[in-house]
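Asks: For reference, the file query_39.cif (mmCIF, C-alpha atoms) is included below:
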data_entry
loop_
_atom_site.label_atom_id
_atom_site.label_comp_id
_atom_site.auth_asym_id
_atom_site.auth_seq_id
_atom_site.Cartn_x
_atom_site.Cartn_y
_atom_site.Cartn_z
CA MET A 1 57.58 135.79 65.13
CA GLY A 2 55.56 137.11 68.05
CA LYS A 3 53.56 133.88 68.34
CA GLN A 4 56.76 131.81 68.31
CA THR A 5 58.23 134.00 71.07
CA ASP A 6 55.08 133.60 73.14
CA ARG A 7 55.20 129.82 72.73
CA ASN A 8 58.85 129.77 73.78
CA HIS A 9 58.09 131.85 76.85
CA GLU A 10 55.16 129.65 77.76
CA LEU A 11 57.31 126.53 77.33
CA GLU A 12 59.99 128.04 79.54
CA ARG A 13 57.43 128.87 82.25
CA TYR A 14 56.04 125.35 82.05
CA SER A 15 59.47 123.70 82.34
CA ARG A 16 60.47 125.89 85.29
CA GLY A 17 57.24 125.13 87.08
CA ARG A 18 57.65 121.43 86.40
CA LEU A 19 61.19 121.48 87.78
CA ARG A 20 60.20 123.33 90.95
CA MET A 21 57.31 120.95 91.53
CA THR A 22 59.58 117.90 91.10
CA LEU A 23 62.23 119.34 93.44
CA SER A 24 59.71 120.85 95.86
CA LYS A 25 61.41 119.19 98.87
CA TRP A 26 64.77 120.75 97.98
CA VAL A 27 65.93 124.38 97.99
CA VAL A 28 65.85 125.67 94.40
CA ASN A 29 67.15 129.17 93.66
CA SER A 30 66.97 130.83 90.25
CA LEU A 31 70.23 132.41 89.10
CA ASP A 32 70.61 135.76 87.34
CA GLU A 33 71.22 135.85 83.61
CA ASP A 34 74.85 136.75 84.32
CA TYR A 35 75.38 133.20 85.57
CA ALA A 36 76.16 130.39 83.16
CA PHE A 37 73.51 128.15 84.75
CA ASP A 38 69.81 128.45 85.48
CA PHE A 39 69.44 127.19 89.06
CA GLU A 40 71.41 126.50 92.20
CA VAL A 41 69.91 123.55 94.11
CA ARG A 42 70.59 122.32 97.62
CA PRO A 43 69.11 118.91 98.52
CA THR A 44 67.65 118.20 101.94
CA GLU A 45 67.72 115.05 104.00
CA GLY A 46 66.66 113.72 107.38
CA PHE A 47 68.66 114.11 110.55
CA GLU A 48 68.99 110.38 111.27
CA VAL A 49 71.87 108.30 109.94
CA ASP A 50 69.54 105.91 108.12
CA THR A 51 67.68 108.73 106.28
CA ARG A 52 70.54 109.86 104.06
CA ASP A 53 68.50 109.65 100.85
CA GLN A 54 65.22 110.80 102.39
CA HIS A 55 63.93 114.36 102.34
CA GLY A 56 64.09 116.20 105.62
CA ASN A 57 64.60 119.55 107.28
CA ARG A 58 68.40 119.63 107.04
CA VAL A 59 69.66 121.56 104.01
CA LEU A 60 72.92 120.09 102.73
CA PRO A 61 75.82 122.55 102.46
CA SER A 62 77.01 121.47 99.00
CA PRO A 63 74.87 122.73 96.10
CA PHE A 64 74.75 121.72 92.47
CA TYR A 65 73.75 123.63 89.35
CA ILE A 66 70.96 122.86 86.92
CA GLN A 67 70.90 123.84 83.26
CA LEU A 68 67.27 123.56 82.17
CA LYS A 69 66.25 123.01 78.56
CA ALA A 70 62.77 122.39 77.19
CA SER A 71 61.17 121.08 74.02
CA GLU A 72 57.65 120.41 72.80
CA GLY A 73 58.75 116.84 71.98
CA PHE A 74 61.32 114.49 70.44
CA ASP A 75 61.04 111.93 67.65
CA ASP A 76 63.02 109.35 69.63
CA SER A 77 61.42 106.93 72.06
CA GLU A 78 64.66 106.16 73.90
CA ALA A 79 66.44 109.50 74.34
CA VAL A 80 66.14 113.29 74.35
CA TRP A 81 68.93 115.74 73.50
CA HIS A 82 70.20 119.28 73.35
CA ASP A 83 72.96 120.91 71.29
CA PHE A 84 75.44 122.98 73.32
CA GLU A 85 78.23 125.28 72.27
CA THR A 86 81.45 123.46 73.05
CA ASP A 87 82.85 126.50 74.85
CA PHE A 88 79.97 126.27 77.35
CA LEU A 89 80.78 122.63 78.11
CA VAL A 90 84.53 123.20 78.38
CA GLU A 91 84.76 126.64 79.97
CA ASP A 92 81.68 126.61 82.18
CA CYS A 93 80.66 123.02 82.99
CA LEU A 94 84.07 121.37 83.22
CA GLN A 95 85.51 124.29 85.18
CA ALA A 96 82.62 124.35 87.68
CA SER A 97 83.54 123.43 91.25
CA VAL A 98 80.22 121.62 91.81
CA PRO A 99 78.20 119.19 89.65
CA VAL A 100 76.22 120.62 86.74
CA VAL A 101 73.03 118.70 85.94
CA LEU A 102 71.36 119.04 82.56
CA VAL A 103 67.58 118.70 82.89
CA ILE A 104 65.53 118.42 79.69
CA CYS A 105 61.77 118.92 79.85
CA ASP A 106 59.75 117.01 77.23
CA ARG A 107 56.35 118.68 77.29
CA SER A 108 54.71 116.06 75.06
CA ARG A 109 55.31 113.46 77.77
CA GLU A 110 55.24 115.89 80.70
CA GLU A 111 58.52 114.46 82.00
CA LEU A 112 61.97 115.67 83.05
CA TYR A 113 65.13 113.78 82.06
CA TRP A 114 68.62 114.44 83.39
CA THR A 115 72.34 113.74 83.27
CA VAL A 116 75.39 115.12 85.10
CA LEU A 117 77.25 117.08 82.44
CA GLN A 118 80.75 116.57 83.89
CA ARG A 119 80.26 112.82 83.94
CA TYR A 120 78.88 112.88 80.39
CA CYS A 121 81.88 114.84 79.11
CA TRP A 122 84.41 112.67 80.94
CA ASP A 123 82.93 109.22 80.39
CA ILE A 124 81.19 109.56 77.02
CA LEU A 125 82.63 112.45 75.03
CA ASP A 126 86.24 112.04 76.16
CA ALA A 127 86.05 108.26 75.77
CA ASP A 128 84.20 108.01 72.45
CA HIS A 129 84.71 111.39 70.77
CA GLY A 130 88.29 112.38 71.48
CA ASP A 131 88.24 115.48 69.25
CA TRP A 132 84.90 116.87 70.46
CA ARG A 133 86.53 119.91 72.08
CA LYS A 134 87.56 121.12 68.61
CA GLN A 135 83.94 121.24 67.41
CA GLU A 136 81.77 124.33 67.68
CA THR A 137 78.77 122.47 69.10
CA LYS A 138 78.12 119.09 70.66
CA ARG A 139 74.87 117.18 71.12
CA ILE A 140 74.21 115.74 74.56
CA HIS A 141 71.90 112.70 74.58
CA VAL A 142 69.93 111.83 77.70
CA ASP A 143 68.19 108.50 78.25
CA ARG A 144 64.48 108.61 78.93
CA GLU A 145 64.67 107.85 82.64
CA PRO A 146 62.27 110.40 84.14
CA LEU A 147 62.93 112.36 87.28
CA ALA A 148 59.55 111.38 88.58
CA ASP A 149 59.68 109.85 92.07
CA ALA A 150 61.70 109.37 95.25
CA ILE A 151 63.73 106.55 93.70
CA ALA A 152 64.78 108.78 90.80
CA LEU A 153 65.69 111.60 93.20
CA SER A 154 67.76 109.17 95.26
CA LYS A 155 69.60 108.11 92.11
CA LEU A 156 70.21 111.77 91.25
CA ARG A 157 71.65 112.33 94.75
CA GLY A 158 73.95 109.36 94.30
CA GLU A 159 75.21 110.63 90.93
CA ILE A 160 75.77 114.08 92.42
CA ARG A 161 77.82 112.61 95.29
CA ALA A 162 79.91 110.61 92.82
CA ALA A 163 80.48 113.70 90.67
CA GLU A 164 81.47 115.74 93.74
CA HIS A 165 84.07 113.11 94.60
CA ARG A 166 85.48 113.11 91.07
CA ILE A 167 85.57 116.91 90.87
CA SER A 168 87.32 117.11 94.24
CA THR A 169 89.91 114.55 93.14
CA ARG A 170 90.59 116.30 89.83
CA GLN A 171 90.92 119.69 91.52
CA ARG A 172 93.29 118.21 94.08
CA VAL A 173 95.51 116.70 91.41
CA ALA A 174 95.40 119.93 89.39
CA SER A 175 96.52 121.82 92.48
CA ALA A 176 99.41 119.40 93.00
CA ARG A 177 100.39 119.71 89.32
CA ARG A 178 99.93 123.45 89.00
CA GLY A 179 102.98 125.21 87.61
CA THR A 180 104.63 121.99 86.44
CA LEU A 181 105.16 120.57 82.99
CA HIS A 182 102.51 118.00 83.79
CA HIS A 183 99.77 120.55 84.24
CA PRO A 184 99.63 124.15 82.93
CA VAL A 185 98.69 126.93 85.33
CA ARG A 186 95.52 127.96 83.47
CA MET A 187 93.79 124.60 84.05
CA ASP A 188 91.69 124.18 87.22
CA VAL A 189 90.62 120.56 86.82
CA ALA A 190 92.91 117.66 85.95
CA SER A 191 92.05 115.09 83.28
CA ALA A 192 91.42 111.42 84.01
CA SER A 193 94.87 110.52 82.66
CA ASP A 194 96.44 113.16 84.93
CA VAL A 195 94.68 111.66 87.95
CA ARG A 196 95.73 108.11 87.13
CA ALA A 197 99.34 109.19 86.54
CA TYR A 198 99.34 111.04 89.86
CA LYS A 199 97.93 108.02 91.67
CA GLN A 200 100.63 105.80 90.19
CA GLU A 201 103.26 108.25 91.45
CA LEU A 202 101.76 108.00 94.94
CA VAL A 203 101.90 104.20 94.76
CA ASP A 204 105.54 104.30 93.66
CA ASP A 205 106.34 106.69 96.51
CA ALA A 206 104.59 104.37 98.97
CA VAL A 207 106.61 101.38 97.79
CA ASN A 208 109.85 103.34 98.24
CA LEU A 209 108.77 104.45 101.73
CA ALA A 210 107.92 100.87 102.71
CA ASP A 211 111.28 99.63 101.44
CA ALA A 212 112.95 102.31 103.57
CA GLY A 213 111.05 101.09 106.65
CA HIS A 214 108.47 103.89 106.80
CA ARG A 215 105.47 101.60 106.67
CA GLY A 216 103.05 104.00 108.36
CA GLN A 217 103.72 106.76 105.82
CA ALA A 218 103.45 104.22 103.02
CA ARG A 219 100.05 103.03 104.25
CA ARG A 220 98.73 106.60 104.42
CA LYS A 221 99.70 107.25 100.80
CA LEU A 222 98.10 104.00 99.67
CA VAL A 223 94.87 104.74 101.54
CA GLU A 224 94.86 108.14 99.84
CA VAL A 225 95.07 106.45 96.44
CA CYS A 226 92.22 104.06 97.28
CA GLN A 227 90.00 106.94 98.40
CA MET A 228 90.55 109.05 95.27
CA ALA A 229 88.24 108.89 92.25
CA GLU A 230 89.18 107.62 88.79
CA ASP A 231 89.96 104.00 89.58
CA GLY A 232 92.40 102.07 87.44
CA VAL A 233 95.47 99.84 87.62
CA ALA A 234 97.15 102.19 90.11
CA THR A 235 94.22 101.77 92.50
CA VAL A 236 94.40 97.99 92.17
CA GLU A 237 98.12 98.08 92.97
CA ALA A 238 97.45 100.34 95.96
CA TYR A 239 95.04 97.76 97.41
CA ARG A 240 97.59 94.98 96.88
CA GLN A 241 100.39 96.92 98.55
CA LEU A 242 98.13 97.98 101.40
CA LEU A 243 97.23 94.36 102.14
CA GLU A 244 100.87 93.28 102.15
CA LEU A 245 101.94 96.10 104.47
CA ARG A 246 99.43 95.36 107.24
CA GLU A 247 99.83 92.35 109.50
CA ILE A 248 96.69 90.97 111.15
CA GLU A 249 96.96 91.85 114.79
CA ASP A 250 93.27 92.07 115.74
CA LEU A 251 89.76 91.57 114.36
CA PRO A 252 89.24 95.11 112.99
CA VAL A 253 92.36 94.67 110.86
CA ALA A 254 91.16 91.23 109.70
CA PHE A 255 87.79 92.62 108.60
CA ALA A 256 89.52 95.58 106.92
CA LYS A 257 91.73 93.18 104.97
CA VAL A 258 88.69 91.20 103.83
CA ARG A 259 87.13 94.43 102.56
CA PHE A 260 90.32 95.61 100.85
CA ALA A 261 90.86 92.22 99.22
CA ARG A 262 87.31 92.19 97.86
CA GLU A 263 87.48 95.78 96.63
CA GLY A 264 90.87 95.23 95.03
CA ALA A 265 89.82 91.96 93.39
CA ASN A 266 86.66 93.49 91.95
CA LEU A 267 88.65 96.38 90.50
CA ALA A 268 91.26 93.99 89.10
CA LYS A 269 88.49 92.07 87.38
CA GLN A 270 86.92 95.28 86.07
CA TYR A 271 90.20 96.43 84.53
CA ASP A 272 91.35 92.98 83.34
CA HIS A 273 94.38 93.15 85.62
CA GLU A 274 94.99 89.51 86.53
CA ASP A 275 98.49 89.79 88.05
CA PRO A 276 97.43 90.62 91.65
CA MET A 277 94.42 88.29 91.81
CA GLU A 278 96.32 85.46 93.50
CA ALA A 279 97.65 87.88 96.13
CA PHE A 280 94.11 89.10 96.80
CA ARG A 281 92.90 85.51 97.23
CA GLU A 282 95.70 84.64 99.65
CA GLN A 283 95.14 87.75 101.76
CA TYR A 284 91.39 87.13 101.75
CA GLU A 285 91.76 83.52 102.94
CA THR A 286 94.28 84.45 105.65
CA ALA A 287 91.99 87.13 107.01
CA TRP A 288 88.98 84.79 107.04
CA GLU A 289 90.95 82.12 108.88
CA TYR A 290 91.70 84.65 111.61
CA ILE A 291 88.04 85.74 111.77
CA GLU A 292 86.80 82.15 112.03
CA GLU A 293 89.29 81.42 114.81
CA LYS A 294 88.92 84.59 116.90
CA PHE A 295 85.47 86.03 116.12
CA ILE A 296 83.09 83.08 115.79
CA GLY A 297 82.18 81.99 119.30
CA SER A 298 83.34 85.24 120.89
CA LYS A 299 81.26 87.01 123.53
CA TYR A 300 80.66 90.73 123.86
CA LEU A 301 78.71 93.05 126.09
CA GLY A 302 76.43 95.07 123.84
CA PRO A 303 75.48 98.78 124.10
CA SER A 304 72.24 97.89 125.93
CA GLY A 305 74.11 95.83 128.52
CA LEU A 306 72.91 92.51 127.09
CA PRO A 307 75.42 89.79 126.20
CA VAL A 308 76.16 89.22 122.51
CA ARG A 309 77.41 85.81 121.41
CA VAL A 310 78.73 85.46 117.85
CA LEU A 311 77.42 82.25 116.29
CA ASP A 312 78.74 82.51 112.72
CA VAL A 313 79.41 84.99 109.92
CA ASP A 314 78.13 85.04 106.36
CA ARG A 315 81.25 84.49 104.29
CA MET A 316 80.88 86.13 100.89
CA ARG A 317 82.95 85.07 97.95
CA LEU A 318 85.92 87.20 96.94
CA LEU A 319 84.21 88.57 93.82
CA GLU A 320 80.70 88.74 95.25
CA GLY A 321 78.78 91.93 95.92
CA ASN A 322 81.52 94.52 96.31
CA GLY A 323 80.37 96.90 99.05
CA ALA A 324 77.94 94.44 100.67
CA GLU A 325 78.06 94.10 104.43
CA MET A 326 79.35 91.03 106.27
CA THR A 327 76.58 89.89 108.60
CA ALA A 328 77.22 88.08 111.85
CA ARG A 329 74.48 85.85 113.23
CA VAL A 330 74.43 86.44 116.95
CA GLN A 331 72.49 85.69 120.07
CA HIS A 332 71.74 89.12 121.58
CA GLY A 333 70.48 88.41 125.05
CA SER A 334 68.08 85.61 124.14
CA GLU A 335 67.18 86.98 120.68
CA PHE A 336 68.58 85.39 117.53
CA THR A 337 69.42 88.20 115.11
CA GLY A 338 71.96 89.61 112.65
CA LEU A 339 74.48 92.42 113.16
CA GLN A 340 77.16 93.91 110.97
CA ALA A 341 80.23 91.85 111.83
CA PRO A 342 82.87 94.62 111.45
CA ALA A 343 80.75 96.92 113.63
CA VAL A 344 80.67 94.37 116.45
CA ALA A 345 84.41 93.66 116.22
CA GLY A 346 85.54 97.26 115.84
CA ASN A 347 83.02 99.36 117.74
CA ASP A 348 83.83 100.58 121.23
CA GLU A 349 80.16 100.15 122.15
CA PHE A 350 80.72 96.37 122.06
CA GLU A 351 83.05 95.26 124.85
CA LEU A 352 84.91 92.01 124.21
CA ILE A 353 84.37 89.61 127.11
CA GLU A 354 85.75 86.37 125.68
CA SER A 355 87.59 85.50 122.48
CA GLY A 356 86.18 82.89 120.15
CA ALA A 357 89.48 80.98 120.09
CA SER A 358 88.99 77.20 120.38
CA THR A 359 85.19 77.48 120.49
CA ASP A 360 82.54 76.64 117.92
CA PRO A 361 78.95 77.35 119.03
CA ARG A 362 77.51 74.84 116.58
CA VAL A 363 79.85 72.03 117.69
CA ASP A 364 79.49 72.94 121.37
CA ALA A 365 75.67 72.98 121.20
CA CYS A 366 73.72 70.23 122.93
CA ALA A 367 72.25 67.47 120.81
CA GLU A 368 68.65 67.85 119.72
CA ARG A 369 66.21 67.29 122.63
CA ALA A 370 69.16 67.21 125.05
CA HIS A 371 68.97 70.88 126.13
CA THR A 372 68.29 71.77 129.73
CA PHE A 373 65.92 74.66 130.44
CA ASP A 374 64.49 76.13 133.61
CA THR A 375 60.87 74.94 133.58
CA ASP A 376 59.51 78.22 134.97
CA ASP A 377 61.32 80.25 132.28
CA LEU A 378 60.17 77.86 129.60
CA ARG A 379 56.55 78.19 130.74
CA ASP A 380 56.39 81.91 131.63
CA VAL A 381 58.82 83.54 129.14
CA PRO A 382 59.73 80.86 126.56
CA THR A 383 61.40 83.37 124.22
CA ALA A 384 63.89 84.24 126.99
CA ALA A 385 64.60 80.63 128.04
CA ILE A 386 68.29 79.67 127.72
CA CYS A 387 69.84 76.21 127.87
CA ALA A 388 71.86 75.83 131.07
CA ASN A 389 74.45 73.64 129.32
CA CYS A 390 75.32 75.26 125.95
CA GLY A 391 73.97 78.75 126.61
CA LEU A 392 71.81 78.88 123.50
CA SER A 393 68.34 80.34 123.74
CA ARG A 394 65.17 78.54 122.72
CA GLU A 395 64.83 80.94 119.77
CA THR A 396 68.45 80.38 118.65
CA ILE A 397 68.07 76.61 118.88
CA GLN A 398 64.94 76.69 116.77
CA GLN A 399 65.99 79.26 114.14
CA TRP A 400 69.75 78.75 113.88
CA LEU A 401 70.18 75.04 114.64
CA SER A 402 66.77 74.14 113.16
CA GLN A 403 66.14 71.83 116.10
CA GLU A 404 62.90 71.01 117.87
CA VAL A 405 62.29 73.06 121.02
CA PRO A 406 60.33 72.05 124.13
CA THR A 407 57.07 73.41 125.49
CA VAL A 408 55.64 73.14 129.03
CA CYS A 409 52.20 71.57 129.32
CA ASP A 410 49.88 73.90 131.24
CA ALA A 411 47.94 70.94 132.61
CA CYS A 412 50.59 68.59 134.00
CA GLY A 413 53.72 70.79 133.92
CA GLU A 414 55.75 68.30 131.92
CA VAL A 415 58.32 69.46 129.33
CA VAL A 416 57.36 67.93 126.01
CA TYR A 417 58.47 68.14 122.37
CA GLU A 418 55.26 68.67 120.44
CA ASN A 419 53.95 71.13 117.89
CA PRO A 420 52.52 74.04 119.95
CA LEU A 421 49.70 74.42 117.42
CA ASP A 422 48.62 70.84 118.11
CA MET A 423 48.79 71.51 121.86
CA GLU A 424 46.42 74.49 121.85
CA ILE A 425 42.97 73.86 123.37
CA PRO A 426 39.86 76.01 122.87
CA LYS A 427 39.09 76.47 126.55
CA PRO A 428 40.39 77.96 128.74
CA GLY A 429 41.95 80.23 126.14
CA GLY A 430 45.71 80.50 125.66
CA GLN A 431 46.65 77.18 127.26
CA VAL A 432 48.62 74.33 125.71
CA HIS A 433 48.21 70.71 126.76
CA CYS A 434 50.39 67.73 125.92
CA ALA A 435 49.02 64.76 124.00
CA GLU A 436 48.45 62.73 127.16
CA CYS A 437 46.45 65.53 128.81
CA ARG A 438 44.41 66.07 125.66
CA SER A 439 43.44 62.43 125.40
#
Output the structure of this file as structure tokens.

Replies:
Amino acid sequence: MGKQTDRNHELERYSRGRLRMTLSKWVVNSLDEDYAFDFEVRPTEGFEVDTRDQHGNRVLPSPFYIQLKASEGFDDSEAVWHDFETDFLVEDCLQASVPVVLVICDRSREELYWTVLQRYCWDILDADHGDWRKQETKRIHVDREPLADAIALSKLRGEIRAAEHRISTRQRVASARRGTLHHPVRMDVASASDVRAYKQELVDDAVNLADAGHRGQARRKLVEVCQMAEDGVATVEAYRQLLELREIEDLPVAFAKVRFAREGANLAKQYDHEDPMEAFREQYETAWEYIEEKFIGSKYLGPSGLPVRVLDVDRMRLLEGNGAEMTARVQHGSEFTGLQAPAVAGNDEFELIESGASTDPRVDACAERAHTFDTDDLRDVPTAAICANCGLSRETIQQWLSQEVPTVCDACGEVVYENPLDMEIPKPGGQVHCAECRS
């Protein structure tokens, strides 16, 4: 018995050390035995906007709990597991106000595997084992996807954020239901069916408000439904109603309607809800027509003071890449580059100078080899050279229009259309000569 106890203690020390080493960039605090869980963890991230999933010096305010279990090994190559008392899952995990992550240490492979227990209970046990709460114990299976590198930690952070959103939504609905026949007082977290029923009530209220002429209040309720977790038919209907209530009056609204139409259509497809698909298509096409008329060809003054000319926009299909950004190809000063289209149209840092109405940069561009450049600019700073007629830069003409661009011969000063590589001469270094001067 003593040897078994020693092995268990050694295994526990090993698993705790392994966990702390894996989460060494985060703040990991052990909890007293009085707590239901083993650790409270607070992730860290960088201070910059684009370092959200990177470790940094900023400790995030929202923690999560870890329940750590360890085993010498498992006879399954695809999954590991642990048996929990059902009361622990129901009374402790599902009532927790923050995500609870089960981490299982497999010493034979020297790896940690994990799952968010609330998500597991909601999406697997509730969906596939409806009577599991009546059992004394329940086995939790965890796929063998090790918590071993920055990519795995980033995935864990994403799952934690999703769980936080779902917990917040369920607590909010429970608070709204508390003391009613829909939701008994003793419950702190609403079920998925409670959330979906509540969201449908909000949609119905929004429709009644819109019919009564209170369109602003109706839109706020519909946006609330779209932002809540536990998507379903009510969320799809909220997107449809939201699109119908908002008329396109400017570009930010047009881009918002494109996004709402795509999000609503993808959810409708996910839940096999075909009825609103035609409405989503119509709203999507109407919004894109407005964008093509008003945005393409428009001119802005960018944050750096350089002019920004919108050349075209990548138009994604209705059911393509939900969440992907719409990229505008622009000429920024003389540089040909890509920017997020909604950010240009709806950001105060970009000042609209001229609408794109009745203009098409591709149609208005000069014919190939018909551009007019300042010879000095073309020779001294070719990347900054801009056609005096159509306003397109040498770089834009070459990369966007796929046209030939001119070069100035260093020997005779003539503007010629030749391959610069063919024009290079060994001496003096760095010069380019036209075919006639090389002959």

Asks: Segment 244-255 of chain A: which residues within 7 Å, counting all atoms listed in the file, same-chain residues fewer than 3 positions away excluded, as a list in words?

Replies: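 The contact residues come out as Arg215, Arg240, Gln241, Val258, Arg259, Ala287, Tyr290, Ile291, Pro342, Ala345 and Gly346 of chain A.
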
Asks: Please evaluate the PyMOL selection byres ((chain A and resi 406-412) around 7) against the structure above and give the resulting residues as JSON, numbers by chain.

Replies: {"A": [378, 379, 404, 405, 413, 414, 415, 416, 417, 431, 432, 433, 434, 437]}

Asks: Quick one: pull the distance between atom CA of Asp75 of chain A and atom CA of Leu112 of chain A, Å, one decimal.

Replies: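 Interatomic distance here is 15.9 Å.
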
Asks: Could you name the residues that touch segment 265-281 of chain A at 12 Å or less, counting all atoms listed in the file, but leaving out those on the same chain fewer than 6 positions away, as a compact mmCIF listing (two decimals) with C-alpha atoms, in the coordinates of the input?

Replies:
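Saved as around_7.txt:
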# COMPACT_ATOMS: atom_id res chain seq x y z
CA CYS A 226 92.22 104.06 97.28
CA GLU A 230 89.18 107.62 88.79
CA ASP A 231 89.96 104.00 89.58
CA GLY A 232 92.40 102.07 87.44
CA VAL A 233 95.47 99.84 87.62
CA ALA A 234 97.15 102.19 90.11
CA THR A 235 94.22 101.77 92.50
CA VAL A 236 94.40 97.99 92.17
CA GLU A 237 98.12 98.08 92.97
CA ALA A 238 97.45 100.34 95.96
CA TYR A 239 95.04 97.76 97.41
CA ARG A 240 97.59 94.98 96.88
CA GLN A 241 100.39 96.92 98.55
CA LEU A 242 98.13 97.98 101.40
CA LEU A 243 97.23 94.36 102.14
CA GLU A 244 100.87 93.28 102.15
CA LYS A 257 91.73 93.18 104.97
CA VAL A 258 88.69 91.20 103.83
CA ARG A 259 87.13 94.43 102.56
CA ALA A 287 91.99 87.13 107.01
CA TRP A 288 88.98 84.79 107.04
CA ARG A 317 82.95 85.07 97.95
CA LEU A 318 85.92 87.20 96.94
CA LEU A 319 84.21 88.57 93.82
CA GLU A 320 80.70 88.74 95.25
CA GLY A 321 78.78 91.93 95.92
CA ASN A 322 81.52 94.52 96.31
CA GLY A 323 80.37 96.90 99.05

Asks: Using only C-alpha atoms, find all polymer residues with an atom at most 10 Å away from the point (82.9, 115.6, 74.4); report them as a list in words.

Replies: Thr86, Leu89, Val90, Leu117, Gln118, Tyr120, Cys121, Trp122, Asp123, Ile124, Leu125, Asp126, Ala127, Asp128, His129, Gly130, Asp131, Trp132, Arg133, Lys134, Gln135, Thr137, Lys138, Arg139 and Ile140 of chain A

Asks: Using atom CA of Gln331 of chain A and atom CA of Pro307 of chain A as the two end points, give the distance in Å to one decimal.

Replies: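 Those two atoms sit 7.9 Å apart.
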
Asks: List the residues selected by the PyMOL selection byres ((chain A and resi 340) around 8) in the file shown, writing them as number ranges by chain.

Replies: A: 325-328, 338-339, 341-344

Asks: Please list as a ChimeraX atom specification every residue within 12 Å of Ser62 of chain A, counting only C-alpha atoms and excluding residues in the same chain fewer than 5 positions away.

Replies: /A:27,40-44,97-99,157,160-161,163-165

Asks: Using Å and a single decimal, report how far atom CA of Gln67 of chain A sits from atom CA of Ala96 of chain A.

Replies: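 Atom-to-atom, atom CA of Ala96 of chain A to atom CA of Gln67 of chain A, that is 12.5 Å.
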
Asks: Applying 10 Å and all atoms listed in the file, which residues near Asp374 of chain A remain after dropping the ones on its own chain fewer than 3 positions away? List them as a PyMOL selection string.

Replies: chain A and resi 377-379+382+385-388

Asks: Identify all residues satisfying the PyMOL selection byres ((chain A and resi 15-20) around 12) in the given file; provide them as a ChimeraX atom specification.

Replies: /A:8-14,21-30,38-41,66-72,102-114,146-148

Asks: Using only C-alpha atoms, which of the listed residues (A:Ser168, A:Ser175, A:Thr286, A:Asn208) sits closest to Gln227 of chain A?

Replies: A:Ser168

Asks: Point out the residue among A:Val223, A:Gly216, A:Asp312, A:Thr383 with the least atom-to-atom distance to Phe260 of chain A, counting all atoms listed in the file.

Replies: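 Smallest separation from Phe260 of chain A among the options: A:Val223.
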
Asks: For a quick check of understanding, using all atoms listed in the file, which of A:Phe336, A:Phe64, A:Trp81, A:Tyr198 has the smallest distance to Arg170 of chain A?

Replies: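 Of A:Phe336, A:Phe64, A:Trp81, A:Tyr198, the one nearest Arg170 of chain A is A:Tyr198, counting all atoms listed in the file.
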
Asks: Within 7 Å of (90.2, 113.2, 88.9), only C-alpha atoms: residues as a list of chain:residue names?

Replies: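 Answer for this query, in the requested form: A:Arg166, A:Ile167, A:Thr169, A:Arg170, A:Val173, A:Ala190, A:Ser191, A:Ala192, A:Val195, A:Ala229, A:Glu230.
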
Asks: What's the 8 Å shell around Pro361 of chain A, counting all atoms listed in the file, without same-chain residues fewer than 3 positions away, as a list in words?

Replies: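 Counting all atoms listed in the file, the residues come to Ile296, Gly297, Leu311, Asp364 and Ala365 of chain A.
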
Asks: Would you mind telling me which residue in A:Arg58, A:Arg315, A:Lys199, A:Lys299 lies nearest to Arg262 of chain A when using all atoms listed in the file?

Replies: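 Using all atoms listed in the file, the shortest distance to Arg262 of chain A belongs to A:Arg315.
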
Asks: May I ask which of the residues A:Ser154, A:Thr375, A:Ser77, A:Thr115 is the closest one to Tyr65 of chain A, counting only C-alpha atoms?

Replies: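 Using only C-alpha atoms, the shortest distance to Tyr65 of chain A belongs to A:Thr115.
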